[in-house]
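A.B. asks: Below you'll find my_file-v8.cif; it's mmCIF, C-alpha atoms.
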data_upload
loop_
_atom_site.label_atom_id
_atom_site.label_comp_id
_atom_site.auth_asym_id
_atom_site.auth_seq_id
_atom_site.Cartn_x
_atom_site.Cartn_y
_atom_site.Cartn_z
CA MET V 271 30.31 -11.55 20.24
CA PRO V 272 33.73 -10.61 21.57
CA LEU V 273 34.29 -7.08 22.87
CA LEU V 274 36.72 -5.04 20.79
CA THR V 275 36.98 -2.35 23.42
CA GLY V 276 35.20 -1.28 26.57
CA THR V 277 33.07 -3.43 28.87
CA GLY V 278 29.88 -5.44 28.63
CA PHE V 279 26.64 -5.06 30.52
CA GLY V 280 26.92 -5.36 34.28
CA THR V 281 24.50 -6.78 36.84
CA ASP V 282 23.27 -3.26 37.56
CA ASN V 283 21.49 -3.34 34.18
CA ALA V 284 19.43 -6.41 35.05
CA PHE V 285 16.70 -4.82 37.18
CA THR V 286 16.75 -1.13 36.28
CA GLU V 287 16.09 0.89 33.19
CA PRO V 288 19.23 0.59 31.03
CA THR V 289 21.45 3.66 30.76
CA THR V 290 24.35 2.11 28.84
CA VAL V 291 24.59 0.64 25.35
CA ILE V 292 27.04 -1.36 23.27
CA VAL V 293 27.51 -0.52 19.58
CA ASN V 294 29.10 -2.33 16.67
CA ARG V 295 31.99 -1.19 14.52
CA SER V 296 29.74 0.08 11.70
CA PHE V 297 27.85 2.27 14.19
CA VAL V 298 31.15 3.90 15.18
CA GLN V 299 32.08 4.50 11.54
CA PHE V 300 28.65 5.68 10.38
CA PHE V 301 27.52 7.88 13.27
CA LEU V 302 30.72 8.81 15.11
CA GLY V 303 33.15 9.14 12.22
CA GLY V 304 35.45 6.43 13.51
CA GLY V 305 36.44 8.27 16.70
CA ASP V 306 36.69 6.87 20.20
CA PRO V 307 33.10 5.96 21.14
CA LEU V 308 33.59 5.08 24.80
CA GLY V 309 31.90 7.54 27.11
CA ARG V 310 29.97 9.27 24.34
CA ARG V 311 26.23 9.62 24.73
CA VAL V 312 23.53 8.89 22.16
CA ARG V 313 19.74 8.88 22.13
CA PHE V 314 16.99 7.89 19.74
CA ALA V 315 15.55 10.62 17.57
CA THR V 316 11.82 11.27 17.41
CA ARG V 317 10.36 10.84 13.95
CA ALA V 318 8.36 13.67 12.47
CA GLY V 319 4.68 13.14 13.15
CA ASP V 320 5.28 10.50 15.84
CA SER V 321 3.09 11.71 18.68
CA THR V 322 2.53 8.52 20.65
CA ALA V 323 2.60 8.81 24.42
CA GLU V 324 6.02 7.19 24.81
CA ASN V 325 7.60 9.46 22.21
CA VAL V 326 6.41 12.82 23.53
CA GLY V 327 9.30 14.86 24.90
CA PRO V 328 13.06 14.26 24.67
CA ARG V 329 14.39 10.71 24.64
CA PRO V 330 16.75 9.51 27.39
CA TRP V 331 20.50 9.51 26.87
CA PHE V 332 22.57 6.31 26.74
CA GLU V 333 26.31 6.06 27.37
CA ILE V 334 28.41 3.89 25.05
CA VAL V 335 30.44 1.46 27.16
CA GLY V 336 31.61 -1.08 24.60
CA VAL V 337 32.18 -1.91 20.92
CA VAL V 338 31.66 -5.30 19.25
CA PRO V 339 32.33 -6.55 15.69
CA ASP V 340 29.65 -6.45 13.01
CA PHE V 341 27.43 -9.51 13.23
CA PRO V 342 26.49 -10.94 10.90
CA LYS V 343 28.91 -9.63 8.33
CA PRO V 344 27.14 -7.57 5.62
CA ILE V 345 26.35 -9.45 2.42
CA ARG V 346 27.84 -6.55 0.47
CA PRO V 347 31.23 -5.21 1.69
CA ASN V 348 30.14 -1.55 1.52
CA ASP V 349 26.73 -2.14 3.13
CA LEU V 350 27.25 -0.83 6.65
CA GLN V 351 24.75 -2.06 9.22
CA PRO V 352 25.01 0.16 12.31
CA LYS V 353 23.62 -1.62 15.36
CA LEU V 354 23.08 -0.63 18.96
CA TYR V 355 22.51 -3.07 21.81
CA ARG V 356 20.94 -2.31 25.19
CA ALA V 357 19.96 -4.49 28.10
CA MET V 358 16.32 -5.58 28.20
CA VAL V 359 14.42 -4.86 31.39
CA PRO V 360 12.55 -7.83 32.93
CA GLU V 361 9.17 -6.19 32.28
CA GLY V 362 9.93 -5.58 28.63
CA THR V 363 7.53 -7.28 26.22
CA VAL V 364 9.12 -6.21 22.96
CA PRO V 365 9.95 -9.22 20.74
CA VAL V 366 13.70 -9.88 20.66
CA PHE V 367 16.09 -11.89 18.51
CA LEU V 368 18.20 -14.48 20.30
CA ILE V 369 21.32 -15.66 18.48
CA LEU V 370 22.99 -18.87 19.69
CA HIS V 371 26.32 -20.35 18.70
CA VAL V 372 25.93 -24.13 18.60
CA ARG V 373 28.56 -26.77 17.92
CA GLY V 374 28.02 -30.34 16.78
CA ALA V 375 24.22 -30.31 16.55
CA PRO V 376 22.01 -30.28 13.44
CA SER V 377 19.80 -27.24 13.22
CA GLY V 378 16.57 -29.27 13.15
CA THR V 379 17.47 -31.31 16.21
CA PHE V 380 18.63 -28.28 18.16
CA ALA V 381 15.45 -26.36 17.33
CA GLU V 382 13.35 -28.96 19.13
CA ARG V 383 15.78 -29.03 22.03
CA LEU V 384 15.67 -25.23 22.25
CA ARG V 385 11.88 -25.28 22.49
CA GLU V 386 12.09 -27.81 25.32
CA ILE V 387 14.58 -25.61 27.18
CA THR V 388 12.38 -22.58 26.65
CA VAL V 389 9.30 -24.30 28.08
CA SER V 390 11.28 -25.56 31.05
CA VAL V 391 12.44 -22.02 31.84
CA ASP V 392 9.02 -20.39 31.46
CA PRO V 393 5.94 -21.97 29.83
CA LEU V 394 4.78 -18.49 28.79
CA LEU V 395 7.83 -17.91 26.60
CA ARG V 396 7.10 -18.49 22.93
CA LEU V 397 9.51 -18.93 20.06
CA GLU V 398 8.06 -17.44 16.90
CA SER V 399 10.55 -19.03 14.52
CA VAL V 400 13.86 -20.85 14.66
CA GLY V 401 16.30 -20.90 11.77
CA THR V 402 19.96 -20.90 10.88
CA LEU V 403 21.98 -17.80 10.13
CA ASP V 404 22.66 -19.11 6.62
CA ASP V 405 18.92 -19.28 5.96
CA ALA V 406 18.46 -15.71 7.22
CA LEU V 407 21.28 -14.42 5.01
CA ARG V 408 19.91 -16.24 1.96
CA GLN V 409 16.48 -14.72 2.61
CA ASP V 410 18.02 -11.27 2.99
CA SER V 411 19.89 -11.72 -0.29
CA ALA V 412 16.68 -12.81 -2.03
CA ASP V 413 14.88 -9.77 -0.63
CA GLN V 414 17.58 -7.50 -2.04
CA VAL V 415 17.23 -9.08 -5.48
CA LEU V 416 13.45 -8.66 -5.29
CA ARG V 417 13.79 -5.00 -4.32
CA LEU V 418 16.18 -4.46 -7.24
CA LEU V 419 13.73 -6.07 -9.68
CA VAL V 420 10.86 -3.95 -8.35
CA ALA V 421 13.01 -0.82 -8.70
CA LEU V 422 13.91 -1.69 -12.30
CA VAL V 423 10.29 -2.41 -13.22
CA SER V 424 9.16 0.83 -11.57
CA LEU V 425 11.84 2.79 -13.41
CA SER V 426 10.82 1.26 -16.73
CA VAL V 427 7.17 2.15 -16.05
CA VAL V 428 8.14 5.74 -15.27
CA LEU V 429 10.26 6.02 -18.42
CA LEU V 430 7.53 4.50 -20.60
CA SER V 431 4.98 6.85 -19.06
CA ALA V 432 7.26 9.82 -19.69
CA ALA V 433 7.77 8.74 -23.31
CA GLY V 434 4.02 8.32 -23.76
CA ILE V 435 3.27 11.74 -22.31
CA TYR V 436 5.93 13.35 -24.49
CA ALA V 437 4.58 11.67 -27.63
CA LEU V 438 0.96 12.53 -26.82
CA MET V 439 1.66 16.18 -26.00
CA SER V 440 3.89 16.57 -29.05
CA TYR V 441 1.17 15.14 -31.30
CA THR V 442 -1.48 17.36 -29.69
CA ILE V 443 0.55 20.51 -30.30
CA SER V 444 1.46 19.43 -33.82
CA THR V 445 -2.23 19.12 -34.71
CA ARG V 446 -2.69 22.76 -33.70
CA ARG V 447 -0.15 24.12 -36.18
CA ARG V 448 -2.81 25.58 -38.46
CA GLU V 449 -4.61 27.09 -35.49
CA ILE V 450 -1.38 28.72 -34.35
CA GLY V 451 -0.74 29.96 -37.89
CA ILE V 452 -4.22 31.49 -38.17
CA ARG V 453 -3.99 33.19 -34.79
CA SER V 454 -0.53 34.45 -35.67
CA ALA V 455 -1.86 35.85 -38.98
CA LEU V 456 -4.66 37.62 -37.06
CA GLY V 457 -2.09 39.42 -34.94
CA ALA V 458 -1.64 37.22 -31.88
CA GLY V 459 1.80 37.65 -30.37
CA PRO V 460 4.17 34.81 -29.43
CA ARG V 461 3.50 35.29 -25.70
CA THR V 462 -0.25 34.98 -26.22
CA LEU V 463 0.15 31.87 -28.35
CA VAL V 464 2.52 30.20 -25.88
CA ARG V 465 0.19 31.02 -22.99
CA SER V 466 -2.74 29.49 -24.84
CA VAL V 467 -0.85 26.34 -25.69
CA LEU V 468 0.67 25.86 -22.23
CA SER V 469 -2.56 26.58 -20.36
CA ARG V 470 -4.41 23.77 -22.10
CA ALA V 471 -1.52 21.34 -21.75
CA THR V 472 -0.96 22.30 -18.11
CA ALA V 473 -4.64 21.66 -17.33
CA GLN V 474 -4.40 18.18 -18.84
CA ILE V 475 -1.20 17.38 -16.97
CA ALA V 476 -2.62 18.77 -13.71
CA CYS V 477 -5.66 16.49 -13.93
CA GLY V 478 -3.40 13.45 -14.22
CA ILE V 479 -1.11 14.64 -11.42
CA VAL V 480 -4.02 15.29 -9.04
CA LEU V 481 -5.56 11.90 -9.75
CA GLY V 482 -2.26 10.03 -9.42
CA THR V 483 -1.18 11.87 -6.27
CA SER V 484 -4.58 11.25 -4.67
CA LEU V 485 -4.29 7.53 -5.30
CA ALA V 486 -0.72 7.57 -3.98
CA GLY V 487 -1.95 9.37 -0.84
CA LEU V 488 -4.54 6.67 -0.24
CA VAL V 489 -1.89 3.98 -0.61
CA ALA V 490 0.46 5.85 1.75
CA GLN V 491 -2.35 6.18 4.31
CA THR V 492 -2.81 2.42 4.14
CA THR V 493 0.88 1.83 4.74
CA VAL V 494 0.79 4.07 7.81
CA ILE V 495 -2.13 2.09 9.21
CA ASN V 496 -0.19 -1.11 8.66
CA GLY V 497 2.71 0.22 10.70
CA ARG V 498 4.91 1.84 8.09
CA ASP V 499 5.98 5.45 8.22
CA GLY V 500 4.49 6.50 4.88
CA ARG V 501 7.72 7.95 3.52
CA ASP V 502 7.09 6.11 0.25
CA ILE V 503 4.88 9.07 -0.71
CA VAL V 504 8.12 10.81 -1.73
CA LEU V 505 8.43 8.50 -4.75
CA PRO V 506 4.99 9.33 -6.26
CA ILE V 507 5.66 13.03 -5.69
CA ALA V 508 9.02 12.74 -7.46
CA ALA V 509 7.35 10.83 -10.31
CA ALA V 510 4.65 13.52 -10.52
CA ALA V 511 7.32 16.23 -10.73
CA LEU V 512 9.11 14.26 -13.45
CA MET V 513 5.91 13.80 -15.44
CA THR V 514 5.11 17.51 -15.11
CA GLY V 515 8.53 18.44 -16.44
CA VAL V 516 8.27 15.94 -19.28
CA GLY V 517 4.79 17.18 -20.19
CA LEU V 518 5.82 20.83 -20.23
CA LEU V 519 8.93 20.00 -22.24
CA ALA V 520 6.86 18.00 -24.71
CA THR V 521 4.54 21.00 -25.03
CA ALA V 522 7.18 23.71 -25.22
CA VAL V 523 9.35 22.15 -27.92
CA PRO V 524 6.58 21.65 -30.55
CA ALA V 525 5.00 24.99 -29.62
CA ARG V 526 8.28 26.78 -30.21
CA ARG V 527 8.65 24.95 -33.52
CA ALA V 528 5.12 25.92 -34.52
CA LEU V 529 5.75 29.60 -33.65
CA SER V 530 8.65 29.66 -36.07
CA ILE V 531 6.38 28.67 -38.96
CA GLN V 532 5.15 31.44 -41.19
CA PRO V 533 1.33 31.83 -41.33
CA THR V 534 1.38 31.25 -45.11
CA GLU V 535 3.13 27.90 -44.64
CA ALA V 536 0.69 26.81 -41.95
CA LEU V 537 -2.27 27.67 -44.19
CA LYS V 538 -1.03 25.92 -47.35
CA GLY V 539 -3.37 23.03 -46.72
CA GLU V 540 -6.45 25.30 -46.70
#
In structure tokens, write the structure found in this file.

C.D. replies:
Amino acid sequence: MPLLTGTGFGTDNAFTEPTTVIVNRSFVQFFLGGGDPLGRRVRFATRAGDSTAENVGPRPWFEIVGVVPDFPKPIRPNDLQPKLYRAMVPEGTVPVFLILHVRGAPSGTFAERLREITVSVDPLLRLESVGTLDDALRQDSADQVLRLLVALVSLSVVLLSAAGIYALMSYTISTRRREIGIRSALGAGPRTLVRSVLSRATAQIACGIVLGTSLAGLVAQTTVINGRDGRDIVLPIAAAALMTGVGLLATAVPARRALSIQPTEALKGE
């Protein structure tokens, strides 16, 4: 990648812990507001709850010494992909991505040649996978479509669940119209009636929320064990809050309608 401004990594980065980094254009726009990045210092933030030995205490600072173009270009024009590059120390064992610009060689033929070169350099080096940039971009585009489909299906499930809760709670309150009329005729005030109606409905909603949130917590715990950060728990909590609001709304509207009915009207069927 050509340098837009600044300098690249020097030989002093080859055998010591890196203190300089190179960023891409999107990094400058997203994190630095488009200002002059050269000479500015950045460091990695510590995630909440990350208490591993290497993450205890403040992270080291890195000085920005160069800026490169975005590579590869985002599939969507407005999809910024901030990236930061730093030199890898010889003892580093973290898997890395190596991007090569090849001319005049089919990808399949070059993949075999690349493996031969790798073995000749160091037999312990291992290439996990070799593919073209076009294949990687197509896979990324397919992943985006899959995520969109999952989001649409999840949204439809939430909306259907909300509609079902609303219908069920409305029907439950409607069946208590005569009860509300009798209690109103016996002198119960509106506040007492509303409290009675909401307490039963709230208990039913709370049972569902507790059960659903517990299952979501178990799923989130599994994702943490598998190496994810568990932030997906925010979605079940938001869905639980939505369902609570829908349930209370479905209870309050019919209850208010029932309170406006005269006791004689509610008892006509008796």

A.B. asks: Report as a VMD selection string all protein, DNA and RNA residues lying within 12 Å of V:Ser466, evaluated on only C-alpha atoms, omitting residues in the same chain fewer than 5 positions from it.

C.D. replies: chain V and resid 443 446 449 to 450 453 458 to 461 471 to 473 521 to 522 525

A.B. asks: Excluding V:Ser431 and residues on its chain fewer than 2 positions from it, collect all residues at most 12 Å away from it, counting only C-alpha atoms, and give them as a PyMOL selection string.

C.D. replies: chain V and resi 424-429+433-438+478+509-510+512-514+516-517

A.B. asks: Calculated over only C-alpha atoms, which of the candidates V:Val335, V:Val312, V:Leu407, V:Val293 has the smallest distance to V:Phe279?

C.D. replies: V:Val335

A.B. asks: Do a neighbour search on V:Val523 at 12 Å with all atoms listed in the file, toss out local chain neighbours closer than 4 positions, and write the hits as an MDAnalysis selection string.

C.D. replies: chainID V and resid 436:437 439:444 464 467:468 516:519 527:530

A.B. asks: If the PyMOL selection byres ((chain V and resi 395) around 12) is run on the structure shown, which residues does it catch, given as a list in words?

C.D. replies: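 On the file shown, the PyMOL selection byres ((chain V and resi 395) around 12) covers Thr363, Pro365, Val366, Leu384, Arg385, Glu386, Ile387, Thr388, Val389, Ser390, Val391, Asp392, Pro393, Leu394, Arg396, Leu397 and Glu398 of chain V.
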
A.B. asks: Starting from the PyMOL selection byres ((chain V and resi 302-310) around 6), expand the selection into actual residues of this file and give them as JSON, numbers by chain.

C.D. replies: {"V": [298, 299, 300, 301, 311, 333, 334, 335]}

A.B. asks: Taking all atoms listed in the file into account, which of V:Gly515, V:Ala412, V:Pro506, V:Ala476 comes nearest V:Val489?

C.D. replies: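 The answer is V:Pro506, which sits nearest to V:Val489.
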
A.B. asks: Find the residue from V:Gly457, V:Pro352, V:Gly482, V:Pro376 that sits nearest to V:Pro339; use all atoms listed in the file when measuring.

C.D. replies: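 Using all atoms listed in the file, the shortest distance to V:Pro339 belongs to V:Pro352.
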
A.B. asks: Pick out the closest residue to V:His371 from this set: V:Met271, V:Ala406, V:Leu422, V:Ile292. Count all atoms listed in the file.

C.D. replies: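 Closest to V:His371 of all the choices is V:Met271.
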
A.B. asks: Would you please work out which residue, of V:Asn294, V:Thr402, V:Thr316, V:Thr445, is nearest to V:Lys343 when using only C-alpha atoms?

C.D. replies: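 With only C-alpha atoms as the atom set, the closest residue is V:Asn294.
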
A.B. asks: If you measure from atom CA of V:Tyr355 to atom CA of V:Val415, what distance in Å do you get, rounded to one decimal?

C.D. replies: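 One can read the atom CA of V:Tyr355 to atom CA of V:Val415 distance as 28.4 Å.
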
A.B. asks: Using only C-alpha atoms, which of the listed residues (V:Ala432, V:Ile507, V:Leu419, V:Ala357) sits closest to V:Ser484?

C.D. replies: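 That would be V:Ile507, the residue with the smallest distance to V:Ser484.
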
A.B. asks: Tell me which residues the PyMOL selection byres ((chain V and resi 370) around 12) grabs here, as a VMD selection string.

C.D. replies: chain V and resid 271 367 to 369 371 to 373 375 377 380 to 381 384 400 to 403

A.B. asks: Using the atoms already present, construct N, CA, C and O atoms for stretch 377-393 of chain V and hand them back as an mmCIF file, in the frame of the given file.

C.D. replies:
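After the write, selection-v8.cif holds the following:
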data_model
loop_
_atom_site.group_PDB
_atom_site.id
_atom_site.type_symbol
_atom_site.label_atom_id
_atom_site.label_comp_id
_atom_site.auth_asym_id
_atom_site.auth_seq_id
_atom_site.Cartn_x
_atom_site.Cartn_y
_atom_site.Cartn_z
ATOM 1 N N SER V 377 20.710 -28.334 12.910
ATOM 2 C CA SER V 377 19.800 -27.240 13.220
ATOM 3 C C SER V 377 18.403 -27.736 13.583
ATOM 4 O O SER V 377 17.761 -27.233 14.493
ATOM 5 N N GLY V 378 17.902 -28.763 12.857
ATOM 6 C CA GLY V 378 16.570 -29.270 13.150
ATOM 7 C C GLY V 378 16.476 -29.885 14.529
ATOM 8 O O GLY V 378 15.521 -29.649 15.281
ATOM 9 N N THR V 379 17.474 -30.688 14.893
ATOM 10 C CA THR V 379 17.470 -31.310 16.210
ATOM 11 C C THR V 379 17.591 -30.277 17.312
ATOM 12 O O THR V 379 16.891 -30.342 18.329
ATOM 13 N N PHE V 380 18.441 -29.289 17.126
ATOM 14 C CA PHE V 380 18.630 -28.280 18.160
ATOM 15 C C PHE V 380 17.397 -27.405 18.308
ATOM 16 O O PHE V 380 17.112 -26.919 19.402
ATOM 17 N N ALA V 381 16.660 -27.179 17.236
ATOM 18 C CA ALA V 381 15.450 -26.360 17.330
ATOM 19 C C ALA V 381 14.461 -26.988 18.290
ATOM 20 O O ALA V 381 13.865 -26.291 19.134
ATOM 21 N N GLU V 382 14.267 -28.291 18.198
ATOM 22 C CA GLU V 382 13.350 -28.960 19.130
ATOM 23 C C GLU V 382 13.886 -28.909 20.554
ATOM 24 O O GLU V 382 13.130 -28.695 21.508
ATOM 25 N N ARG V 383 15.189 -29.087 20.699
ATOM 26 C CA ARG V 383 15.780 -29.030 22.030
ATOM 27 C C ARG V 383 15.645 -27.635 22.620
ATOM 28 O O ARG V 383 15.383 -27.470 23.814
ATOM 29 N N LEU V 384 15.790 -26.609 21.778
ATOM 30 C CA LEU V 384 15.670 -25.230 22.250
ATOM 31 C C LEU V 384 14.253 -24.942 22.734
ATOM 32 O O LEU V 384 14.056 -24.254 23.737
ATOM 33 N N ARG V 385 13.261 -25.482 22.048
ATOM 34 C CA ARG V 385 11.880 -25.280 22.490
ATOM 35 C C ARG V 385 11.646 -25.964 23.838
ATOM 36 O O ARG V 385 10.938 -25.429 24.706
ATOM 37 N N GLU V 386 12.229 -27.120 24.038
ATOM 38 C CA GLU V 386 12.090 -27.810 25.320
ATOM 39 C C GLU V 386 12.720 -26.982 26.444
ATOM 40 O O GLU V 386 12.149 -26.849 27.528
ATOM 41 N N ILE V 387 13.906 -26.431 26.170
ATOM 42 C CA ILE V 387 14.580 -25.610 27.180
ATOM 43 C C ILE V 387 13.756 -24.367 27.485
ATOM 44 O O ILE V 387 13.619 -23.959 28.649
ATOM 45 N N THR V 388 13.183 -23.781 26.456
ATOM 46 C CA THR V 388 12.380 -22.580 26.650
ATOM 47 C C THR V 388 11.175 -22.852 27.539
ATOM 48 O O THR V 388 10.876 -22.096 28.470
ATOM 49 N N VAL V 389 10.474 -23.952 27.272
ATOM 50 C CA VAL V 389 9.300 -24.300 28.080
ATOM 51 C C VAL V 389 9.697 -24.605 29.513
ATOM 52 O O VAL V 389 8.975 -24.247 30.455
ATOM 53 N N SER V 390 10.850 -25.239 29.689
ATOM 54 C CA SER V 390 11.280 -25.560 31.050
ATOM 55 C C SER V 390 11.637 -24.303 31.843
ATOM 56 O O SER V 390 11.473 -24.257 33.059
ATOM 57 N N VAL V 391 12.113 -23.266 31.151
ATOM 58 C CA VAL V 391 12.440 -22.020 31.840
ATOM 59 C C VAL V 391 11.171 -21.256 32.193
ATOM 60 O O VAL V 391 11.000 -20.788 33.327
ATOM 61 N N ASP V 392 10.269 -21.108 31.226
ATOM 62 C CA ASP V 392 9.020 -20.390 31.460
ATOM 63 C C ASP V 392 8.016 -20.848 30.408
ATOM 64 O O ASP V 392 8.220 -20.620 29.211
ATOM 65 N N PRO V 393 6.925 -21.497 30.820
ATOM 66 C CA PRO V 393 5.940 -21.970 29.830
ATOM 67 C C PRO V 393 5.300 -20.849 29.016
ATOM 68 O O PRO V 393 4.733 -21.107 27.958
#
